[in-house]
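Peer 1: Here you go, upload32.txt (compact mmCIF, C-alpha atoms):
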```
# COMPACT_ATOMS: atom_id res chain seq x y z
CA MET R 243 42.73 3.58 68.07
CA ILE R 244 39.16 4.38 69.04
CA GLU R 245 39.02 7.55 71.05
CA ARG R 246 36.85 7.35 74.12
CA VAL R 247 34.80 10.47 74.64
CA PRO R 248 33.19 11.17 78.01
CA PRO R 249 29.42 11.81 78.06
CA ARG R 250 28.73 15.14 76.31
CA LEU R 251 25.93 15.92 78.75
CA ALA R 252 28.32 15.54 81.69
CA LEU R 253 30.77 17.97 80.09
CA TRP R 254 27.98 20.41 79.27
CA LEU R 255 26.69 20.26 82.86
CA LEU R 256 30.22 20.83 84.13
CA LYS R 257 30.60 23.83 81.85
CA SER R 258 27.21 25.27 82.80
CA TRP R 259 27.09 24.57 86.52
CA GLY R 260 30.65 23.94 87.65
CA SER R 261 32.97 26.43 89.30
CA PRO R 262 34.49 28.91 86.83
CA TYR R 263 37.93 28.36 88.39
CA HIS R 264 40.01 26.64 85.64
CA ARG R 265 36.82 24.98 84.39
CA GLU R 266 38.31 24.11 81.02
CA SER R 267 41.35 22.49 82.63
CA LEU R 268 39.12 20.39 84.87
CA ALA R 269 37.14 19.25 81.81
CA GLY R 270 40.43 18.46 80.07
CA ASP R 271 41.58 16.42 83.08
CA LEU R 272 38.30 14.48 82.98
CA ILE R 273 38.74 13.73 79.27
CA GLU R 274 42.36 12.69 79.86
CA GLN R 275 41.43 10.33 82.69
CA TYR R 276 38.46 8.95 80.78
CA GLN R 277 40.68 8.12 77.83
CA GLU R 278 43.03 6.33 80.19
CA GLY R 279 40.23 3.91 81.04
CA ARG R 280 38.08 5.49 83.72
CA SER R 281 34.41 4.46 83.65
CA ARG R 282 31.35 6.54 82.77
CA THR R 283 30.21 6.20 86.40
CA TRP R 284 33.50 7.70 87.54
CA CYS R 285 33.05 10.56 85.08
CA TRP R 286 29.49 11.29 86.23
CA ARG R 287 30.60 11.15 89.88
CA GLN R 288 33.33 13.71 89.20
CA VAL R 289 30.84 16.03 87.49
CA ALA R 290 28.31 15.60 90.31
CA VAL R 291 30.97 16.48 92.91
CA ALA R 292 32.06 19.50 90.84
CA ILE R 293 28.52 20.85 90.52
CA LEU R 294 27.58 20.21 94.16
CA ALA R 295 30.79 21.84 95.41
CA ALA R 296 30.30 24.87 93.15
CA ARG R 297 26.63 25.34 94.14
CA ALA R 298 27.42 24.93 97.85
CA ARG R 299 30.13 27.57 97.54
CA SER R 300 27.89 30.01 95.71
CA VAL R 301 25.20 29.63 98.41
CA ARG R 302 27.80 30.20 101.15
CA ALA R 303 29.16 33.24 99.34
CA MET R 304 25.71 34.76 98.84
CA PRO R 305 25.70 38.35 100.12
CA TRP R 306 22.91 38.00 102.68
CA ALA R 307 23.07 41.61 103.82
CA ALA R 308 22.65 42.89 100.26
CA THR R 309 19.83 40.42 99.54
CA CYS R 310 18.08 41.44 102.76
CA ALA R 311 18.49 45.12 101.87
CA MET R 312 17.10 44.54 98.38
CA LEU R 313 14.07 42.60 99.67
CA SER R 314 13.20 45.14 102.36
CA ARG R 315 13.59 47.93 99.80
CA LEU R 316 11.19 46.09 97.49
CA PHE R 317 8.79 45.57 100.41
CA ALA R 318 8.96 49.28 101.25
CA GLU R 319 8.37 50.32 97.66
CA VAL R 320 5.36 48.01 97.33
CA ALA R 321 3.93 49.43 100.57
CA ALA R 322 4.53 52.99 99.34
CA VAL R 323 2.85 52.33 95.99
CA LEU R 324 -0.08 50.64 97.75
CA ALA R 325 -0.41 53.65 100.06
CA LEU R 326 -0.56 56.00 97.06
CA THR R 327 -3.08 53.72 95.34
CA VAL R 328 -5.26 53.71 98.46
CA ILE R 329 -5.15 57.55 98.61
CA VAL R 330 -6.02 57.96 94.93
CA ASP R 331 -8.76 55.33 95.11
CA GLN R 332 -10.33 56.86 98.20
CA ALA R 333 -10.12 60.36 96.69
CA ARG R 334 -11.94 59.17 93.58
CA ARG R 335 -14.71 57.49 95.60
CA ALA R 336 -15.25 60.27 98.16
CA HIS R 337 -16.95 63.54 97.32
CA SER R 338 -15.33 65.54 100.13
CA LEU R 339 -12.37 65.40 102.48
CA GLY R 340 -14.64 64.46 105.37
CA GLN R 341 -16.04 61.55 103.43
CA MET R 342 -12.55 60.48 102.53
CA LEU R 343 -11.32 60.22 106.11
CA THR R 344 -12.90 57.00 107.25
CA GLU R 345 -11.42 54.93 110.04
CA SER R 346 -10.53 52.06 107.74
CA PHE R 347 -8.86 54.42 105.27
CA ILE R 348 -6.74 56.07 107.94
CA GLY R 349 -5.88 52.72 109.51
CA THR R 350 -4.86 51.18 106.17
CA LEU R 351 -2.85 54.24 105.21
CA ALA R 352 -1.08 54.40 108.58
CA ALA R 353 -0.20 50.69 108.35
CA LEU R 354 1.14 51.04 104.80
CA ILE R 355 3.16 54.15 105.69
CA THR R 356 4.62 52.38 108.73
CA MET R 357 5.51 49.36 106.57
CA ALA R 358 7.14 51.59 103.95
CA MET R 359 9.15 53.50 106.56
CA VAL R 360 10.26 50.32 108.36
CA GLY R 361 11.20 48.79 104.99
CA PHE R 362 13.30 51.79 104.00
CA LEU R 363 14.92 51.87 107.43
CA VAL R 364 15.79 48.14 107.32
CA SER R 365 17.10 48.39 103.74
CA THR R 366 19.31 51.33 104.70
CA ARG R 367 20.67 49.52 107.77
CA ALA R 368 21.11 46.15 106.05
CA GLY R 369 22.85 47.75 103.10
CA LYS R 370 25.22 49.51 105.56
CA ARG R 371 24.83 52.73 103.65
CA LYS R 372 26.34 55.77 105.28
CA ARG R 373 23.85 58.19 103.79
CA THR R 374 20.27 57.75 102.68
CA PRO R 375 19.84 58.97 99.08
CA ALA R 376 18.10 62.34 98.78
CA ALA R 377 15.12 60.94 96.83
CA ILE R 378 14.36 58.36 99.54
CA SER R 379 14.72 60.98 102.28
CA ALA R 380 12.32 63.25 100.40
CA LEU R 381 9.83 60.40 99.93
CA MET R 382 10.02 59.48 103.60
CA LEU R 383 9.47 63.13 104.54
CA VAL R 384 6.39 63.35 102.30
CA PHE R 385 4.96 60.18 103.84
CA GLY R 386 5.79 61.43 107.31
CA VAL R 387 3.98 64.71 106.67
CA ILE R 388 0.95 62.91 105.22
CA ALA R 389 0.84 60.51 108.18
CA LEU R 390 1.15 63.34 110.70
CA GLY R 391 -1.45 65.43 108.87
CA LEU R 392 -3.95 62.61 108.74
CA GLY R 393 -3.33 61.79 112.38
CA THR R 394 -3.89 65.42 113.38
CA ILE R 395 -7.11 65.67 111.37
CA THR R 396 -8.43 62.45 112.91
CA TRP R 397 -7.45 63.60 116.40
CA ALA R 398 -9.09 67.00 115.88
CA ASP R 399 -12.22 65.31 114.57
CA THR R 400 -12.33 63.03 117.62
CA LEU R 401 -11.93 66.05 119.98
CA ARG R 402 -14.85 67.78 118.30
CA GLY R 403 -16.81 64.72 119.31
CA GLY R 404 -17.17 64.18 115.67
CA ALA R 405 -19.20 61.42 114.33
CA ASP R 406 -17.92 59.28 111.53
CA PRO R 407 -17.39 61.64 108.55
CA VAL R 408 -18.95 59.14 106.21
CA SER R 409 -22.13 58.93 108.22
CA ILE R 410 -22.25 62.76 108.45
CA CYS R 411 -21.96 63.09 104.69
CA SER R 412 -24.42 60.35 103.93
CA SER R 413 -27.01 61.87 106.27
CA GLY R 414 -26.86 65.08 104.27
CA TYR R 415 -25.09 67.13 106.89
CA MET B 192 49.54 41.42 113.63
CA ARG B 193 48.44 39.47 110.55
CA LYS B 194 45.77 36.91 111.24
CA ARG B 195 47.14 33.53 110.32
CA GLU B 196 44.97 31.24 108.25
CA TYR B 197 45.56 27.56 108.95
CA LEU B 198 45.42 25.07 106.14
CA GLY B 199 42.79 22.35 106.09
CA GLN B 200 43.81 18.72 105.69
CA LEU B 201 42.97 18.57 101.99
CA GLU B 202 44.66 21.91 101.36
CA LEU B 203 47.82 20.67 103.03
CA MET B 204 47.76 17.41 101.07
CA VAL B 205 47.25 19.31 97.80
CA LEU B 206 50.02 21.78 98.67
CA LEU B 207 52.42 18.92 99.42
CA ALA B 208 51.40 17.19 96.18
CA VAL B 209 52.08 20.44 94.28
CA ILE B 210 55.52 20.72 95.90
CA ARG B 211 56.48 17.10 95.18
CA PRO B 212 56.80 17.02 91.38
CA ALA B 213 59.45 19.34 89.99
CA ASP B 214 57.44 21.70 87.82
CA ASP B 215 54.53 20.00 86.12
CA ALA B 216 51.89 19.61 88.81
CA TYR B 217 48.42 19.68 87.31
CA GLY B 218 44.99 18.35 88.34
CA VAL B 219 45.39 14.70 87.32
CA LEU B 220 48.92 14.41 88.68
CA ILE B 221 48.03 16.03 92.01
CA SER B 222 44.98 13.81 92.44
CA ARG B 223 47.05 10.70 91.54
CA GLU B 224 49.79 11.71 93.96
CA ILE B 225 47.32 12.08 96.82
CA ALA B 226 45.67 8.73 95.97
CA GLN B 227 49.04 6.93 95.90
CA LYS B 228 50.46 8.46 99.05
CA SER B 229 47.34 8.60 101.22
CA GLY B 230 45.31 5.72 99.82
CA ARG B 231 42.35 8.08 99.47
CA GLU B 232 40.88 8.95 96.11
CA VAL B 233 40.02 12.62 95.95
CA ALA B 234 37.63 13.99 93.32
CA LEU B 235 39.27 16.26 90.74
CA ALA B 236 36.78 19.02 91.58
CA SER B 237 37.82 18.87 95.24
CA VAL B 238 41.47 19.16 94.19
CA TYR B 239 40.64 22.24 92.09
CA ALA B 240 38.59 23.73 94.93
CA ALA B 241 41.56 23.31 97.29
CA LEU B 242 43.89 24.78 94.63
CA GLU B 243 41.62 27.79 94.28
CA ARG B 244 41.78 28.41 98.04
CA LEU B 245 45.57 27.97 98.01
CA GLU B 246 45.93 30.37 95.11
CA LYS B 247 43.73 32.90 96.92
CA LYS B 248 46.05 32.63 99.92
CA LYS B 249 48.98 33.17 97.53
CA LEU B 250 50.50 29.80 98.43
CA VAL B 251 50.49 28.50 94.84
CA ILE B 252 50.49 30.14 91.42
CA SER B 253 48.97 28.78 88.23
CA SER B 254 49.93 28.99 84.58
CA LEU B 255 48.14 27.71 81.50
CA GLY B 256 49.82 25.18 79.19
CA GLU B 257 49.14 24.45 75.53
CA PRO B 258 45.81 22.91 74.48
CA THR B 259 46.16 19.33 73.27
CA ALA B 260 43.92 17.13 71.11
CA ALA B 261 44.12 14.32 73.70
CA ARG B 262 42.32 16.59 76.13
CA GLY B 263 39.63 17.66 73.69
CA GLY B 264 41.53 20.84 72.82
CA ARG B 265 41.76 21.90 76.44
CA ALA B 266 44.92 23.14 78.09
CA ARG B 267 46.42 21.92 81.34
CA THR B 268 46.77 24.33 84.23
CA TYR B 269 50.11 23.91 85.97
CA PHE B 270 50.58 24.81 89.60
CA LYS B 271 53.74 25.84 91.42
CA PRO B 272 54.26 26.58 95.12
CA THR B 273 55.24 30.12 96.05
CA ALA B 274 57.88 30.92 98.67
CA ALA B 275 55.03 31.49 101.14
CA GLY B 276 53.57 28.12 100.15
CA LEU B 277 56.86 26.33 100.84
CA LEU B 278 57.14 28.09 104.20
CA GLU B 279 53.56 27.22 105.12
CA ALA B 280 54.12 23.53 104.23
CA ARG B 281 57.32 23.45 106.30
CA ASP B 282 55.57 25.10 109.27
CA ALA B 283 52.64 22.66 109.07
CA HIS B 284 55.04 19.71 108.88
CA GLU B 285 57.04 20.87 111.89
CA THR B 286 53.90 21.56 113.89
CA LEU B 287 52.57 18.07 113.16
CA LEU B 288 55.90 16.52 114.15
CA ARG B 289 55.99 18.48 117.41
CA LEU B 290 52.41 17.55 118.21
CA SER B 291 52.87 13.86 117.47
CA SER B 292 56.22 13.41 119.21
CA GLY B 293 55.91 11.47 122.44
CA LEU B 294 52.63 9.88 121.44
CA SER B 295 53.57 6.22 121.67
CA SER B 296 50.13 5.15 120.47
CA LEU B 297 50.89 6.90 117.15
CA GLY B 298 54.34 5.37 116.92
CA GLY B 299 56.00 8.69 117.68
CA GLU B 300 59.29 9.06 119.48
CA THR B 301 59.07 9.11 123.24
CA ALA B 302 60.02 12.40 124.80
```
Would you mind writing the structure in this file as structure tokens?
Peer 2:
Amino acid sequence: MIERVPPRLALWLLKSWGSPYHRESLAGDLIEQYQEGRSRTWCWRQVAVAILAARARSVRAMPWAATCAMLSRLFAEVAAVLALTVIVDQARRAHSLGQMLTESFIGTLAALITMAMVGFLVSTRAGKRKRTPAAISALMLVFGVIALGLGTITWADTLRGGADPVSICSSGY
Amino acid sequence: MRKREYLGQLELMVLLAVIRPADDAYGVLISREIAQKSGREVALASVYAALERLEKKKLVISSLGEPTAARGGRARTYFKPTAAGLLEARDAHETLLRLSSGLSSLGGETA
């Protein structure tokens, strides 16, 4: 008796992409039915249904809250790193604090800090965490202090009727 | 109060097909039973998906058989209804009977 063997690729796809629930038994059932005279088309259809059903289920079961929390955390971290990079870069270019505090620098920094804080806030809420970890709280506090400090300096400079610090420095003041 | 989870049509058909044979219900047999009794061919993967949901609801239990060469060295998984599964099937059957009674267009008994 010649043994009929279902397409190897179909079985491999079933093993790789099918649902893990009694996967081997399902493959065995396919082999059993195929040997009883089912066609290759039937076999491929069964595998296609198995893969589609498994993928659809995995998409439905995706933890959206956790994914959202992870993405916003990533977004916040990128914004925080960019903010630090902007500070370091500006400090290297400027020769004094006054020269460092340009409008574009403060604006960029404020935007990045806001993005980082919103990101951390969203990630904490989406992850439904009861408590924010100490490291994140400390980081948020540092950014908050920097943002407040920069805001105060800019405000004080504006009250003094101050001209643009860059122009003051470049004019040799 | 426990929130009751109603069975879907396929789940109910699979549960009834599991109950029908004495003790050797497995994928092929369940799928064949449904095809014979309902005239609808159901994919094996759909049968297993329904069985997974039923097992999650503790309405059926599964046990692994011996691997055989005819199945490429793969074992059969046998399914049995639990007491809760039998009760659920009976409830669903009675509900359907109550709902369909008096519907002359469905051939039900007149009230």
Peer 1: Please check the contacts: residues of chain B at most 9 Å away from chain R, using all atoms listed in the file, listed as a list in words.
Peer 2: Tyr217, Gly218, Val219, Ala234, Leu235, Ala236, Ser237, Tyr239, Ala240, Glu243, Leu255, Pro258, Thr259, Ala261, Arg262, Gly263, Gly264, Arg265, Ala266, Arg267 and Thr268 of chain B
Peer 1: Take CA of Ala208 in chain B and CA of Gly256 in chain B and report the distance between them in Å, one decimal.
Peer 2: 18.8 Å
Peer 1: In Å to one decimal, how far is CA of Ser338 in chain R from CA of Leu354 in chain R?
Peer 2: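 Separation of CA of Leu354 in chain R and CA of Ser338 in chain R: 22.4 Å.
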Peer 1: Tell me, in Å to one decimal, how far CA of Ala252 in chain R is from CA of Arg231 in chain B.
Peer 2: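 Answer for the CA of Ala252 in chain R to CA of Arg231 in chain B separation: 23.8 Å.
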Peer 1: Can you sort out the box for range 197-210 of chain B, edges along x, y and z, all listed atoms in, 8 Å on every side, with centre and edge lengths in Å to one decimal, as lines of an AutoDock Vina configuration file?
Peer 2:
```
center_x = 49.2
center_y = 22.4
center_z = 101.6
size_x = 28.7
size_y = 26.4
size_z = 30.7
```
Peer 1: Which residue gives the smallest distance to Met357 in chain R among R:Arg335, R:Phe317, R:Val328, R:Glu345, with only C-alpha atoms counted?
Peer 2: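 Residue with the minimum atom-to-atom distance to Met357 in chain R: R:Phe317.
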Peer 1: I need the residue nearest Arg281 in chain B from this list: B:Leu207, B:Tyr197, B:Leu242, B:Ser253. Use all atoms listed in the file for the distance.
Peer 2: B:Leu207
Peer 1: Could you check the closest approach to Pro272 in chain B for each of B:Glu257, B:Glu224, B:Asp215, B:Glu196 and tell me which residue wins, using only C-alpha atoms?
Peer 2: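 Selected residue with least distance to Pro272 in chain B: B:Asp215.
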Peer 1: Counting only C-alpha atoms, select every polymer residue within 6 Å of (44.3, 20.3, 96.6) as defined in the file's coordinates, and provide the selection as a ChimeraX atom specification.
Peer 2: /B:201-202,205,238,241-242
Peer 1: Just want the 7 Å neighbourhood of Leu250 in chain B, counted on all atoms listed in the file, with same-chain residues fewer than 3 positions away dropped. Output as number ranges by chain.
Peer 2: B: 245-246, 272-273, 275-276
